[in-house]
Amino acid sequence: MDAPSETRQTAFTQMRERMRTLPLQNIADIAKSGFGRDDIIPLWFGEGDLTTPDFICDSAYAAMKAGHTFYTHQNGIPELRAALSDYLSRHHGAEIGTERISVTPGGMAAILAAIQMVMDAGDEVLVFDPVWPNVRGAVRMMGGDVRSVRMDATEGGFVLDLDRVEAAMTARTKAVFFASPGNPTGWIMPPEQQAALLDLCRRRGIWIIADEVYTRFHYSGPAGAAGPAAPSMLSLADAEDLVLVVNSFSKAWCMTGWRLGWLTHPASLVDTMAMVVQYNTSGVATFLQHAGATAIREGEPFVDFLVDRCRTARDIVCDSLENLPRISGLTRPQGGMYVYFRVEGVSDSRAACAEILKRTGVGLAPGFAFGDDDFLRICYCNDPKRLETAMERLRPVFM
């Protein structure tokens with residue numbers, strides 16, 4: 001090996017250990033094995049089958065044609081922040097000023113910004129499991145440690161024990177992270193438990209990072225309408241509480257590929273957040289933000305339609321699975337867009353998903369990605385007729 005090669009090899013081996021050991025995305029690995037098959041029904045990723053509505057796309061195009069293609073405000077354009085302020089205040093019953101809102105390139109960027117602001121290397125973040133795995137990677141990228149608080153799987157769904165949360169807190173704990181409605185479980189933290197968690201974190205001086213990306217997917221309302229948003233920390237927290245709430249346009253407006261989200265934070269952090277945005281991404285494309293404002297102002301009928309469609313889809317999946325002999329741990333979720341269930345005889349969920357894909361052409365997500373190698377996840381944000389076909393294919397597998 002020549003000297004330059006040795007130098008390169010040394011540099012690679014000295015790369016930050018936490019970066020080199022981040023886990024790969026196992027769901028994507030399963031999806032790759034289905035490339036080239038035209039019979040696949042993909043229910044593995046957390047996105048629906050519908051393209052972004054025309055009125056949102058038209059708004060982005062009009063903004064580009066109007067010249068909105070330059071650098072702009074780090075925290076987001078005033079039009080979008082004003083629309084989000086009205087939206088949040090309306091849905092959560094609390095006045096949320098524009099100074100508390102910063103626009104980000106998607107929900108993941110909002111999570112990463114939150115972690116960057118509240119923790120240093122060596123700090124801990126408590127995470128309520130099962131949960132989307134990317135948050136763990138984000139904490140590790142920042143040199144932090146994840147401390148898991150496992151929720152209990154009961155006949156009525158997953159349940160969080162707050163005594164267990166308090167017992168897990170240490171002098172190194174800087175934040176707790178949870179998603180409600182949850183991915184992959186559909187779990188929703190009840191308002192009274194949110195209030196108790198907020199009180200606990202106030203007393204301890206610990207930040208709360210709440211992922212509310214699925215907040216509109218809350219099946220408490222009547223059929224035909226989205227109904228109220230899921231319970232939110234924004235309804236309870238004071239303006240300067242140590243609370244950061246993540247949200248995104250990806251799910252409720254079918255904009256996963258747009259990479260547009262926002263973080264709600266204490267007003268006193270607005271300049272800090274602007275700095276974080278500046279150094280991470282320099283902001284979100286201006287014409288995308290104009291489209292986001294249009295989605296917020298004009299998108300309620302579409303959200304109503306999508307949530308009601310998901311309610312129907314959820315029932316198709318649950319009705320098909322709940323009485324099959326190999327299925328257990330399945331509950332009809334009250335939020336989100338996933339069904340998460342244990343399968344008797346499965347101990348390697350990746351291998352199980354690969355075999356199911358090969359036999360049926362239906363793509364599922366392995367529970368391994370969420371810490372449960374005997375569980376599988378179905379994303380039911382899909383055409384109900386297509387889901388009926390998928391369930392017919394899957395039924396013999398789970399008999």
# chains A, B, ... in the order shown; residues from 1 in each chain; ligands from 1
call {"tool": "select_by_dssp", "arguments": {"residues": "region 111-158 of chain A", "states": "helix (DSSP H, G or I)", "output": "ChimeraX atom specification"}}
result
/A:111-118,134-141
call {"tool": "write_last_selection", "arguments": {"atoms": "N, CA and C atoms", "output": "PDB file, in the first residue's frame"}}
result
ATOM      1  N   ILE A 111     -36.298  17.526  14.039  1.00  0.00           N
ATOM      2  CA  ILE A 111     -35.829  16.686  15.147  1.00  0.00           C
ATOM      3  C   ILE A 111     -34.341  16.926  15.394  1.00  0.00           C
ATOM      4  N   LEU A 112     -33.562  16.935  14.328  1.00  0.00           N
ATOM      5  CA  LEU A 112     -32.123  17.135  14.484  1.00  0.00           C
ATOM      6  C   LEU A 112     -31.826  18.515  15.068  1.00  0.00           C
ATOM      7  N   ALA A 113     -32.542  19.543  14.621  1.00  0.00           N
ATOM      8  CA  ALA A 113     -32.329  20.888  15.162  1.00  0.00           C
ATOM      9  C   ALA A 113     -32.661  20.931  16.647  1.00  0.00           C
ATOM     10  N   ALA A 114     -33.743  20.265  17.037  1.00  0.00           N
ATOM     11  CA  ALA A 114     -34.115  20.229  18.451  1.00  0.00           C
ATOM     12  C   ALA A 114     -33.018  19.591  19.288  1.00  0.00           C
ATOM     13  N   ILE A 115     -32.494  18.473  18.808  1.00  0.00           N
ATOM     14  CA  ILE A 115     -31.435  17.774  19.546  1.00  0.00           C
ATOM     15  C   ILE A 115     -30.175  18.622  19.606  1.00  0.00           C
ATOM     16  N   GLN A 116     -29.842  19.279  18.505  1.00  0.00           N
ATOM     17  CA  GLN A 116     -28.647  20.133  18.493  1.00  0.00           C
ATOM     18  C   GLN A 116     -28.745  21.262  19.503  1.00  0.00           C
ATOM     19  N   MET A 117     -29.941  21.793  19.705  1.00  0.00           N
ATOM     20  CA  MET A 117     -30.101  22.928  20.603  1.00  0.00           C
ATOM     21  C   MET A 117     -30.063  22.545  22.075  1.00  0.00           C
ATOM     22  N   VAL A 118     -30.444  21.319  22.425  1.00  0.00           N
ATOM     23  CA  VAL A 118     -30.645  21.027  23.848  1.00  0.00           C
ATOM     24  C   VAL A 118     -29.597  20.113  24.449  1.00  0.00           C
ATOM     25  N   ASN A 134     -34.943   6.640  13.538  1.00  0.00           N
ATOM     26  CA  ASN A 134     -34.036   7.725  13.157  1.00  0.00           C
ATOM     27  C   ASN A 134     -33.678   8.660  14.302  1.00  0.00           C
ATOM     28  N   VAL A 135     -34.570   8.784  15.285  1.00  0.00           N
ATOM     29  CA  VAL A 135     -34.254   9.681  16.402  1.00  0.00           C
ATOM     30  C   VAL A 135     -33.043   9.166  17.168  1.00  0.00           C
ATOM     31  N   ARG A 136     -32.918   7.853  17.269  1.00  0.00           N
ATOM     32  CA  ARG A 136     -31.755   7.292  17.947  1.00  0.00           C
ATOM     33  C   ARG A 136     -30.468   7.674  17.218  1.00  0.00           C
ATOM     34  N   GLY A 137     -30.502   7.559  15.890  1.00  0.00           N
ATOM     35  CA  GLY A 137     -29.341   7.924  15.110  1.00  0.00           C
ATOM     36  C   GLY A 137     -28.983   9.390  15.247  1.00  0.00           C
ATOM     37  N   ALA A 138     -30.012  10.250  15.314  1.00  0.00           N
ATOM     38  CA  ALA A 138     -29.758  11.686  15.458  1.00  0.00           C
ATOM     39  C   ALA A 138     -29.066  11.998  16.781  1.00  0.00           C
ATOM     40  N   VAL A 139     -29.495  11.352  17.844  1.00  0.00           N
ATOM     41  CA  VAL A 139     -28.865  11.562  19.155  1.00  0.00           C
ATOM     42  C   VAL A 139     -27.417  11.089  19.121  1.00  0.00           C
ATOM     43  N   ARG A 140     -27.204   9.930  18.521  1.00  0.00           N
ATOM     44  CA  ARG A 140     -25.847   9.390  18.464  1.00  0.00           C
ATOM     45  C   ARG A 140     -24.942  10.251  17.599  1.00  0.00           C
ATOM     46  N   MET A 141     -25.471  10.805  16.507  1.00  0.00           N
ATOM     47  CA  MET A 141     -24.673  11.693  15.668  1.00  0.00           C
ATOM     48  C   MET A 141     -24.159  12.890  16.454  1.00  0.00           C
TER      49      MET A 141
END
call {"tool": "residues_around", "arguments": {"residues": "Val277 (chain A)", "least_positions_apart": "3", "cutoff": "9 Å", "atoms": "only C-alpha atoms", "output": "number ranges by chain"}}
result
A: 74-75, 102-104, 113, 272-274, 280-284
call {"tool": "select_by_dssp", "arguments": {"residues": "region 158-321 of chain A", "states": "strand (DSSP E)", "output": "PyMOL selection string"}}
result
chain A and resi 158-159+173-179+207-211+243-248+261-264
call {"tool": "closest_residue", "arguments": {"among": "A:Trp187, A:Trp262, A:Phe305, A:Phe287", "to": "Ala110 (chain A)", "atoms": "only C-alpha atoms"}}
result
A:Trp262
call {"tool": "residues_around", "arguments": {"residues": "Ile101 (chain A)", "least_positions_apart": "5", "cutoff": "7 Å", "atoms": "only C-alpha atoms", "output": "ChimeraX atom specification"}}
result
/A:81,262-265
call {"tool": "closest_residue", "arguments": {"among": "A:Gly48, A:Gly97, A:Pro396, A:Gly205", "to": "Leu234 (chain A)", "atoms": "only C-alpha atoms"}}
result
A:Gly97
call {"tool": "residues_around", "arguments": {"residues": "Arg332 (chain A)", "least_positions_apart": "6", "cutoff": "9 Å", "atoms": "only C-alpha atoms", "output": "short mmCIF file (atom, residue, chain, number, x, y, z; two decimals) with N, CA and C atoms, in the first residue's frame"}}
result
data_model
loop_
_atom_site.label_atom_id
_atom_site.label_comp_id
_atom_site.auth_asym_id
_atom_site.auth_seq_id
_atom_site.Cartn_x
_atom_site.Cartn_y
_atom_site.Cartn_z
N GLY A 156 -55.23 -3.63 25.18
CA GLY A 156 -55.81 -2.36 24.73
C GLY A 156 -54.84 -1.48 23.97
N GLY A 157 -53.65 -1.99 23.70
CA GLY A 157 -52.64 -1.20 23.00
C GLY A 157 -51.44 -0.91 23.88
N GLY A 186 -49.14 3.63 16.64
CA GLY A 186 -50.41 4.36 16.66
C GLY A 186 -50.80 4.83 18.05
N ARG A 314 -57.57 1.51 7.66
CA ARG A 314 -57.21 0.89 8.93
C ARG A 314 -58.17 -0.25 9.27
N ASP A 315 -59.46 -0.01 9.08
CA ASP A 315 -60.45 -1.03 9.42
C ASP A 315 -60.34 -2.25 8.51
N CYS A 318 -57.26 -4.17 9.92
CA CYS A 318 -57.51 -4.78 11.23
C CYS A 318 -58.56 -5.88 11.15
N GLU A 322 -57.17 -9.42 12.65
CA GLU A 322 -57.34 -9.58 14.09
C GLU A 322 -57.76 -10.97 14.52
N VAL A 339 -50.34 -0.29 11.40
CA VAL A 339 -50.75 -1.39 12.27
C VAL A 339 -49.48 -2.18 12.60
#
call {"tool": "residues_around", "arguments": {"residues": "Asp54 (chain A)", "least_positions_apart": "5", "cutoff": "12 Å", "atoms": "only C-alpha atoms", "output": "list of chain:residue names"}}
result
A:Ser59, A:Ala60, A:Tyr61, A:Ala62, A:Trp253, A:Cys254, A:Met255, A:Ala291, A:Thr294, A:Ala295, A:Glu298, A:Gly299, A:Phe302
